[in-house]
$ cat upload_27.cif   # mmCIF, C-alpha atoms and all ligand atoms
data_protein
loop_
_atom_site.label_atom_id
_atom_site.label_comp_id
_atom_site.auth_asym_id
_atom_site.auth_seq_id
_atom_site.Cartn_x
_atom_site.Cartn_y
_atom_site.Cartn_z
CA MET C 1 -46.70 16.65 39.37
CA ASP C 2 -45.10 13.87 37.39
CA PHE C 3 -46.51 13.85 33.91
CA GLY C 4 -43.45 12.24 32.35
CA TYR C 5 -41.55 15.50 31.77
CA ASP C 6 -38.24 13.91 32.78
CA LYS C 7 -38.94 10.96 30.52
CA LEU C 8 -39.74 13.32 27.66
CA ARG C 9 -36.61 15.36 28.31
CA ASN C 10 -34.44 12.22 28.35
CA TRP C 11 -36.03 11.00 25.18
CA VAL C 12 -35.39 14.35 23.44
CA HIS C 13 -31.79 14.26 24.65
CA GLU C 14 -31.23 10.71 23.35
CA ASN C 15 -33.13 11.25 20.08
CA TYR C 16 -32.41 14.84 19.28
CA HIS C 17 -32.47 14.30 15.51
CA THR C 18 -36.00 12.93 15.70
CA ALA C 19 -37.07 15.63 18.15
CA TYR C 20 -35.66 18.32 15.87
CA VAL C 21 -37.46 17.02 12.79
CA LEU C 22 -40.72 16.46 14.67
CA GLY C 23 -40.50 19.91 16.28
CA THR C 24 -39.77 21.74 13.01
CA GLY C 25 -42.55 19.82 11.26
CA ALA C 26 -45.00 20.77 14.01
CA ILE C 27 -44.05 24.46 13.73
CA ALA C 28 -44.39 24.34 9.91
CA LEU C 29 -47.81 22.70 10.23
CA GLY C 30 -48.93 25.25 12.83
CA LEU C 31 -47.87 28.23 10.70
CA TRP C 32 -49.49 26.62 7.68
CA SER C 33 -52.82 26.23 9.42
CA LEU C 34 -52.73 29.88 10.58
CA LEU C 35 -52.27 31.30 7.06
CA PRO C 36 -55.44 32.80 5.55
CA SER C 37 -56.59 31.00 2.40
CA LYS C 38 -55.79 33.98 0.11
CA PHE C 39 -52.07 33.00 0.38
CA ARG C 40 -52.68 29.96 -1.76
CA THR C 41 -49.14 29.50 -3.11
CA LEU C 42 -47.65 29.94 0.32
CA LYS C 43 -50.12 27.45 1.72
CA LEU C 44 -49.16 24.91 -0.93
CA LEU C 45 -45.44 25.45 -0.31
CA GLY C 46 -45.93 25.22 3.44
CA GLY C 47 -48.03 22.10 3.08
CA GLY C 48 -45.37 20.48 0.86
CA TYR C 49 -42.64 21.43 3.32
CA ALA C 50 -44.61 20.02 6.26
CA ALA C 51 -45.31 16.82 4.30
CA CYS C 52 -41.56 16.41 3.56
CA LEU C 53 -40.73 16.97 7.21
CA ALA C 54 -43.39 14.48 8.27
CA LEU C 55 -41.88 11.88 5.92
CA GLY C 56 -38.41 12.75 7.23
CA ALA C 57 -39.65 12.44 10.81
CA ALA C 58 -41.16 9.04 10.05
CA LEU C 59 -37.96 7.78 8.42
CA GLU C 60 -35.47 9.37 10.80
CA PRO C 61 -35.78 6.69 13.53
CA CYS C 62 -35.01 4.12 10.82
CA VAL C 63 -31.52 5.57 10.33
CA ASN C 64 -30.72 7.18 13.68
CA PHE C 65 -28.40 4.78 15.49
CA ARG C 66 -29.59 6.06 18.87
CA SER C 67 -33.31 5.70 18.26
CA SER C 68 -35.40 2.97 19.84
CA LEU C 69 -38.64 4.63 18.69
CA TYR C 70 -39.61 1.72 16.42
CA GLY C 71 -38.31 -1.01 18.71
CA PRO C 72 -35.46 -1.60 21.16
CA VAL C 73 -31.91 -1.37 19.87
CA ILE C 74 -28.70 -1.50 21.89
CA SER C 75 -26.57 1.50 21.03
CA HIS C 76 -24.57 1.69 24.27
CA GLY C 77 -24.31 0.20 27.73
CA SER C 78 -24.52 1.78 31.17
CA ARG C 79 -23.08 5.29 31.21
CA SER C 80 -21.85 4.86 34.78
CA GLU C 81 -19.41 1.98 34.19
CA PRO C 82 -16.04 2.63 32.50
CA LYS C 83 -16.65 -0.08 29.90
CA PHE C 84 -16.11 0.13 26.18
CA ALA C 85 -17.12 -2.38 23.50
CA PHE C 86 -15.18 -2.72 20.27
CA THR C 87 -17.27 -4.01 17.36
CA PHE C 88 -16.00 -4.94 13.90
CA ASP C 89 -18.30 -5.17 10.89
CA ASP C 90 -18.26 -6.62 7.37
CA GLY C 91 -15.76 -9.46 7.91
CA PRO C 92 -14.35 -11.91 8.24
CA HIS C 93 -11.64 -10.80 5.85
CA PRO C 94 -8.52 -12.87 5.08
CA ASP C 95 -6.06 -9.95 5.49
CA ASN C 96 -7.61 -7.66 8.08
CA THR C 97 -9.34 -10.01 10.52
CA PRO C 98 -6.20 -11.97 11.56
CA LYS C 99 -4.34 -8.70 12.17
CA ILE C 100 -7.14 -7.38 14.37
CA LEU C 101 -7.37 -10.71 16.21
CA ASP C 102 -3.59 -10.62 16.83
CA ILE C 103 -3.87 -7.15 18.40
CA LEU C 104 -6.84 -8.15 20.56
CA ALA C 105 -5.04 -11.33 21.72
CA ARG C 106 -1.87 -9.38 22.57
CA GLU C 107 -3.89 -6.87 24.57
CA ASN C 108 -6.11 -9.56 26.13
CA ILE C 109 -9.29 -7.88 24.93
CA LYS C 110 -12.58 -9.50 23.92
CA ALA C 111 -14.60 -7.82 21.18
CA THR C 112 -17.66 -8.41 19.00
CA PHE C 113 -17.62 -9.25 15.29
CA PHE C 114 -20.71 -8.66 13.15
CA CYS C 115 -20.00 -10.94 10.22
CA VAL C 116 -21.53 -10.99 6.76
CA GLY C 117 -23.04 -14.46 6.11
CA GLU C 118 -21.37 -14.86 2.71
CA ASN C 119 -17.97 -14.09 4.22
CA ALA C 120 -18.57 -16.51 7.09
CA LEU C 121 -19.15 -19.29 4.55
CA LEU C 122 -16.06 -18.24 2.55
CA TYR C 123 -13.73 -18.08 5.56
CA PRO C 124 -15.03 -20.56 8.14
CA GLU C 125 -11.56 -20.90 9.69
CA LEU C 126 -11.66 -17.20 10.63
CA ILE C 127 -15.09 -17.60 12.24
CA CYS C 128 -13.67 -20.52 14.25
CA ARG C 129 -10.67 -18.46 15.30
CA ILE C 130 -12.88 -15.52 16.38
CA LYS C 131 -14.95 -17.89 18.50
CA ALA C 132 -11.97 -19.85 19.87
CA GLU C 133 -10.33 -16.62 21.06
CA GLY C 134 -13.37 -15.73 23.13
CA HIS C 135 -14.97 -13.02 21.02
CA LEU C 136 -18.69 -12.65 20.42
CA LEU C 137 -20.04 -13.42 16.97
CA GLY C 138 -23.01 -11.52 15.58
CA SER C 139 -24.65 -11.36 12.18
CA HIS C 140 -24.53 -8.48 9.70
CA SER C 141 -27.05 -9.87 7.12
CA PHE C 142 -26.24 -12.46 4.45
CA SER C 143 -24.78 -10.28 1.70
CA HIS C 144 -24.65 -6.80 3.23
CA LYS C 145 -27.75 -5.51 1.50
CA ASN C 146 -29.32 -2.31 2.71
CA LEU C 147 -32.46 -3.72 4.33
CA MET C 148 -34.30 -0.44 3.68
CA ALA C 149 -33.88 -1.10 -0.05
CA CYS C 150 -35.32 -4.62 0.30
CA THR C 151 -38.90 -5.85 0.26
CA PRO C 152 -40.01 -7.29 3.62
CA ALA C 153 -39.57 -10.81 2.16
CA GLU C 154 -36.00 -10.06 0.98
CA SER C 155 -35.18 -8.46 4.28
CA LEU C 156 -36.34 -11.53 6.22
CA ASP C 157 -34.32 -13.76 3.87
CA GLN C 158 -31.18 -11.63 4.40
CA ILE C 159 -31.58 -11.71 8.16
CA ARG C 160 -32.38 -15.43 8.39
CA ARG C 161 -29.61 -16.61 6.05
CA GLY C 162 -27.11 -14.29 7.73
CA ILE C 163 -27.90 -15.74 11.15
CA GLU C 164 -27.87 -19.31 9.81
CA ALA C 165 -24.46 -18.90 8.17
CA VAL C 166 -22.78 -17.57 11.32
CA SER C 167 -24.53 -20.14 13.55
CA ARG C 168 -23.73 -23.08 11.29
CA VAL C 169 -20.04 -22.23 10.90
CA SER C 170 -19.48 -21.36 14.57
CA GLY C 171 -21.67 -24.16 15.93
CA GLU C 172 -23.30 -21.71 18.33
CA PRO C 173 -26.63 -19.90 18.10
CA CYS C 174 -26.29 -16.30 16.97
CA ARG C 175 -28.16 -13.87 19.24
CA PHE C 176 -27.06 -10.45 18.06
CA ILE C 177 -27.58 -8.75 14.74
CA ARG C 178 -26.52 -5.42 13.28
CA PRO C 179 -28.36 -4.34 10.12
CA PRO C 180 -26.03 -3.04 7.37
CA TYR C 181 -25.55 0.75 7.64
CA GLY C 182 -27.67 0.56 10.82
CA MET C 183 -30.72 1.07 8.58
CA ARG C 184 -33.97 -0.64 9.53
CA TYR C 185 -37.69 -0.30 9.06
CA PRO C 186 -40.00 -1.11 11.98
CA TRP C 187 -40.67 -4.50 10.34
CA THR C 188 -36.93 -5.18 10.01
CA LEU C 189 -36.72 -4.98 13.79
CA ARG C 190 -39.77 -7.26 14.22
CA GLN C 191 -38.19 -9.79 11.84
CA ALA C 192 -34.95 -9.78 13.84
CA TYR C 193 -36.79 -10.14 17.18
CA SER C 194 -38.91 -13.00 15.78
CA LEU C 195 -35.67 -14.86 15.02
CA GLY C 196 -34.49 -14.42 18.61
CA GLN C 197 -32.09 -11.57 17.89
CA GLN C 198 -31.15 -8.45 19.78
CA VAL C 199 -30.38 -5.53 17.50
CA VAL C 200 -27.07 -3.79 18.16
CA LEU C 201 -26.09 -0.41 16.74
CA TRP C 202 -23.39 1.91 18.12
CA SER C 203 -22.74 5.17 19.97
CA ASN C 204 -19.19 5.99 18.80
CA TRP C 205 -18.47 6.02 15.08
CA PRO C 206 -15.08 7.16 13.85
CA ARG C 207 -16.17 6.46 10.25
CA ASP C 208 -13.09 4.40 9.44
CA TRP C 209 -14.66 3.46 6.09
CA GLN C 210 -13.97 7.01 4.88
CA LEU C 211 -10.24 6.21 5.23
CA PRO C 212 -9.53 9.56 6.93
CA GLY C 213 -6.08 8.43 8.16
CA GLU C 214 -5.31 6.54 11.37
CA GLU C 215 -4.65 9.76 13.32
CA VAL C 216 -8.18 10.99 12.59
CA ILE C 217 -9.71 7.60 13.47
CA ILE C 218 -7.86 7.63 16.81
CA GLU C 219 -8.89 11.22 17.54
CA ARG C 220 -12.55 10.60 16.71
CA VAL C 221 -12.83 7.52 18.92
CA VAL C 222 -10.87 8.90 21.85
CA ASN C 223 -12.35 12.41 21.87
CA ASP C 224 -15.91 11.07 21.75
CA ALA C 225 -15.36 8.13 24.13
CA GLN C 226 -17.92 7.86 26.92
CA TYR C 227 -18.56 5.16 29.50
CA GLY C 228 -20.59 2.34 27.98
CA ASP C 229 -19.81 3.21 24.36
CA ILE C 230 -20.11 0.72 21.54
CA VAL C 231 -17.63 1.71 18.85
CA LEU C 232 -18.22 0.85 15.20
CA LEU C 233 -15.09 -0.25 13.34
CA HIS C 234 -14.59 -2.49 10.30
CA ASP C 235 -12.46 -5.56 9.64
CA GLY C 236 -14.03 -6.22 6.23
CA GLY C 237 -15.32 -4.32 3.23
CA GLY C 238 -11.97 -3.13 1.85
CA ASP C 239 -8.53 -2.04 2.91
CA ARG C 240 -8.56 -1.63 6.69
CA THR C 241 -4.89 -0.79 7.21
CA GLN C 242 -5.83 2.47 8.94
CA THR C 243 -8.14 0.69 11.36
CA VAL C 244 -5.43 -1.88 12.13
CA LEU C 245 -2.90 0.91 12.77
CA ALA C 246 -5.32 2.93 14.89
CA LEU C 247 -6.51 0.10 17.13
CA PRO C 248 -3.48 -0.32 19.45
CA VAL C 249 -3.25 3.45 20.02
CA ILE C 250 -6.98 3.69 20.81
CA ILE C 251 -6.60 0.84 23.31
CA GLU C 252 -3.63 2.52 24.98
CA LYS C 253 -5.28 5.93 25.23
CA LEU C 254 -8.55 4.57 26.58
CA ARG C 255 -6.74 2.35 29.10
CA GLU C 256 -4.97 5.48 30.39
CA ARG C 257 -8.44 6.92 31.01
CA GLY C 258 -9.49 3.86 33.01
CA PHE C 259 -11.62 2.10 30.43
CA SER C 260 -11.89 -1.67 30.29
CA PHE C 261 -13.00 -3.51 27.19
CA VAL C 262 -15.88 -5.94 26.93
CA ARG C 263 -18.04 -7.79 24.43
CA VAL C 264 -21.45 -6.34 23.64
CA ASP C 265 -23.16 -9.05 25.72
CA GLU C 266 -21.05 -8.05 28.74
CA LEU C 267 -22.11 -4.39 28.71
CA GLN C 268 -24.43 -3.55 31.59
CA SER C 269 -27.70 -2.15 30.36
CA GLU C 270 -28.98 1.09 31.85
ZN ZN H 301 -21.49 -3.09 7.17
#
$ encode --input "upload_27.cif" --output "structure tokens" --more "lines below"
Ligand SMILES: [Zn+2]
Amino acid sequence: MDFGYDKLRNWVHENYHTAYVLGTGAIALGLWSLLPSKFRTLKLLGGGYAACLALGAALEPCVNFRSSLYGPVISHGSRSEPKFAFTFDDGPHPDNTPKILDILARENIKATFFCVGENALLYPELICRIKAEGHLLGSHSFSHKNLMACTPAESLDQIRRGIEAVSRVSGEPCRFIRPPYGMRYPWTLRQAYSLGQQVVLWSNWPRDWQLPGEEVIIERVVNDAQYGDIVLLHDGGGDRTQTVLALPVIIEKLRERGFSFVRVDELQSE
């Protein structure tokens, strides 16, 4: 009998953080309801714990880059095609972006750049170069504010101005957005959809912003690499020397494993 067990199992597999929090919360609630009322302190503690878990469960899909619970997000492409999408956030940046573009041009690879609106207005020539070299431009808000720390009105303003900046400078409509830190409320997603955007997150995150050294960045990307991955890297937001050094080695190692590299809009969906 098909009662959606496979669907449930797939969902748990894809959203194991959420499933874990929901499951633990349910167990805490169950135990709490079984306790006789004479254990008043325990009941209060249990109730508090269950309430915290419920809040955590409600917020977890807002920060989990794999979760589409509150609305569709693209975190990877088809797992059966050896494709891999490089994405670069927080630029354009006058030092790092040209270096990354040089590497991509040399290797004949197209990638995706999620640009901060303010930076797009500051460095329009870099936006034009990204576009001219065949890469996909997306928006990463106007001034890289955490949209979960914004009111709904501020969040809409950040999203709209971010999209407008990238579209105006590139002369092309922007269709893809990545919220800063990947953090989004359900209404953040609705706001993005209402402005014609698809929301892109990631499935491979070497955490290059921690500056762990290029060897560690390479190892994290390559060891975790799966078909259809979207990898989160950064061309802006600080010194990205390690990312620039890691990139050619990552490309070489993944090519040896048969991967080809595409823009986010060229990934096949599942
Ligand atoms: Zn960012």
$ residues_near_ligand --input "upload_27.cif" --ligand "ligand ZN 301 (chain H)" --cutoff "9 Å" --atoms "all atoms listed in the file" --output "list in words"
Phe88, Asp89, Asp90, Gly91, Phe114, Cys115, Val116, His140, Ser141, His144, Lys145, Arg178, Pro179, Pro180, Tyr181, Gly182, His234, Gly236 and Gly237 of chain C
$ write_last_selection --input "upload_27.cif" --atoms "C-alpha atoms" --output "PDB file, keeping the file's coordinate frame"
ATOM      1  CA  PHE C  88     -16.000  -4.940  13.900  1.00  0.00           C
ATOM      2  CA  ASP C  89     -18.300  -5.170  10.890  1.00  0.00           C
ATOM      3  CA  ASP C  90     -18.260  -6.620   7.370  1.00  0.00           C
ATOM      4  CA  GLY C  91     -15.760  -9.460   7.910  1.00  0.00           C
ATOM      5  CA  PHE C 114     -20.710  -8.660  13.150  1.00  0.00           C
ATOM      6  CA  CYS C 115     -20.000 -10.940  10.220  1.00  0.00           C
ATOM      7  CA  VAL C 116     -21.530 -10.990   6.760  1.00  0.00           C
ATOM      8  CA  HIS C 140     -24.530  -8.480   9.700  1.00  0.00           C
ATOM      9  CA  SER C 141     -27.050  -9.870   7.120  1.00  0.00           C
ATOM     10  CA  HIS C 144     -24.650  -6.800   3.230  1.00  0.00           C
ATOM     11  CA  LYS C 145     -27.750  -5.510   1.500  1.00  0.00           C
ATOM     12  CA  ARG C 178     -26.520  -5.420  13.280  1.00  0.00           C
ATOM     13  CA  PRO C 179     -28.360  -4.340  10.120  1.00  0.00           C
ATOM     14  CA  PRO C 180     -26.030  -3.040   7.370  1.00  0.00           C
ATOM     15  CA  TYR C 181     -25.550   0.750   7.640  1.00  0.00           C
ATOM     16  CA  GLY C 182     -27.670   0.560  10.820  1.00  0.00           C
ATOM     17  CA  HIS C 234     -14.590  -2.490  10.300  1.00  0.00           C
ATOM     18  CA  GLY C 236     -14.030  -6.220   6.230  1.00  0.00           C
ATOM     19  CA  GLY C 237     -15.320  -4.320   3.230  1.00  0.00           C
TER      20      GLY C 237
END
$ axis_aligned_box --input "upload_27.cif" --around "stretch 185-193 of chain C" --padding-each-side "3 Å" --output "lines of an AutoDock Vina configuration file"
center_x = -37.8
center_y = -5.2
center_z = 13.1
size_x = 11.7
size_y = 15.8
size_z = 14.1
$ closest_atom_pairs --input "upload_27.cif" --of "stretch 40-104 of chain C" --to "stretch 256-264 of chain C" --cutoff "6 Å" --atoms "only C-alpha atoms" --output "JSON lines"
{"residue": "C:Pro82", "atom": "CA", "partner": "C:Phe259", "partner_atom": "CA", "distance": 4.9}
{"residue": "C:Lys83", "atom": "CA", "partner": "C:Ser260", "partner_atom": "CA", "distance": 5.0}
{"residue": "C:Phe84", "atom": "CA", "partner": "C:Phe261", "partner_atom": "CA", "distance": 4.9}
{"residue": "C:Ala85", "atom": "CA", "partner": "C:Val262", "partner_atom": "CA", "distance": 5.1}
$ residues_near_point --input "upload_27.cif" --point "(-35.9, 17.4, 13.6)" --cutoff "12 Å" --atoms "only C-alpha atoms" --output "list in words"
Val12, Asn15, Tyr16, His17, Thr18, Ala19, Tyr20, Val21, Leu22, Gly23, Thr24, Gly25, Ala26, Ile27, Ala28, Ala50, Cys52, Leu53, Ala54, Leu55, Gly56, Ala57, Ala58, Leu59, Glu60, Pro61 and Asn64 of chain C
$ residues_around --input "upload_27.cif" --residues "C:Glu133" --least-positions-apart "4" --cutoff "12 Å" --atoms "only C-alpha atoms" --output "number ranges by chain"
C: 98, 100-106, 108-113, 126-129, 137
$ decode --input "upload_27.cif" --residues "stretch 102-166 of chain C" --atoms "C-alpha atoms" --output "compact mmCIF listing (two decimals), in the first residue's frame"
# COMPACT_ATOMS: atom_id res chain seq x y z
CA ASP C 102 40.71 34.85 -15.44
CA ILE C 103 40.79 31.28 -14.09
CA LEU C 104 37.29 30.50 -15.38
CA ALA C 105 38.16 31.93 -18.83
CA ARG C 106 41.39 29.92 -19.00
CA GLU C 107 39.53 26.74 -18.08
CA ASN C 108 36.55 27.59 -20.33
CA ILE C 109 34.08 27.26 -17.46
CA LYS C 110 30.83 29.16 -16.93
CA ALA C 111 29.80 29.90 -13.35
CA THR C 112 27.21 31.88 -11.39
CA PHE C 113 27.86 35.09 -9.45
CA PHE C 114 25.47 36.20 -6.70
CA CYS C 115 26.32 39.87 -6.46
CA VAL C 116 25.57 42.35 -3.69
CA GLY C 117 23.59 45.29 -5.16
CA GLU C 118 25.82 47.94 -3.60
CA ASN C 119 28.91 46.31 -5.09
CA ALA C 120 27.25 46.02 -8.50
CA LEU C 121 26.70 49.79 -8.48
CA LEU C 122 30.28 50.42 -7.29
CA TYR C 123 31.91 48.17 -9.90
CA PRO C 124 29.64 48.13 -12.96
CA GLU C 125 32.57 47.25 -15.24
CA LEU C 126 33.00 43.96 -13.35
CA ILE C 127 29.30 43.14 -13.73
CA CYS C 128 29.67 43.80 -17.47
CA ARG C 129 32.72 41.57 -17.66
CA ILE C 130 30.95 38.74 -15.78
CA LYS C 131 28.06 38.96 -18.22
CA ALA C 132 30.24 39.36 -21.33
CA GLU C 133 32.19 36.22 -20.43
CA GLY C 134 29.02 34.15 -20.37
CA HIS C 135 28.46 33.72 -16.64
CA LEU C 136 25.10 33.90 -14.92
CA LEU C 137 24.38 36.89 -12.70
CA GLY C 138 22.20 36.54 -9.63
CA SER C 139 21.37 38.83 -6.74
CA HIS C 140 22.57 38.52 -3.14
CA SER C 141 20.43 41.36 -1.60
CA PHE C 142 21.26 45.06 -1.77
CA SER C 143 23.66 45.43 1.16
CA HIS C 144 24.14 41.87 2.43
CA LYS C 145 21.79 42.21 5.36
CA ASN C 146 20.65 39.09 7.15
CA LEU C 147 17.04 38.98 6.00
CA MET C 148 16.04 37.12 9.18
CA ALA C 149 17.11 40.20 11.15
CA CYS C 150 14.96 42.47 8.95
CA THR C 151 11.30 43.41 9.18
CA PRO C 152 9.25 42.09 6.24
CA ALA C 153 9.29 45.61 4.73
CA GLU C 154 13.10 45.88 5.01
CA SER C 155 13.51 42.42 3.61
CA LEU C 156 11.39 43.25 0.56
CA ASP C 157 13.39 46.46 0.07
CA GLN C 158 16.70 44.54 0.25
CA ILE C 159 15.51 41.96 -2.25
CA ARG C 160 13.97 44.46 -4.69
CA ARG C 161 16.88 46.92 -4.69
CA GLY C 162 19.38 44.07 -4.98
CA ILE C 163 17.62 42.71 -8.06
CA GLU C 164 17.23 46.19 -9.56
CA ALA C 165 20.93 47.02 -9.15
CA VAL C 166 22.13 43.84 -10.87
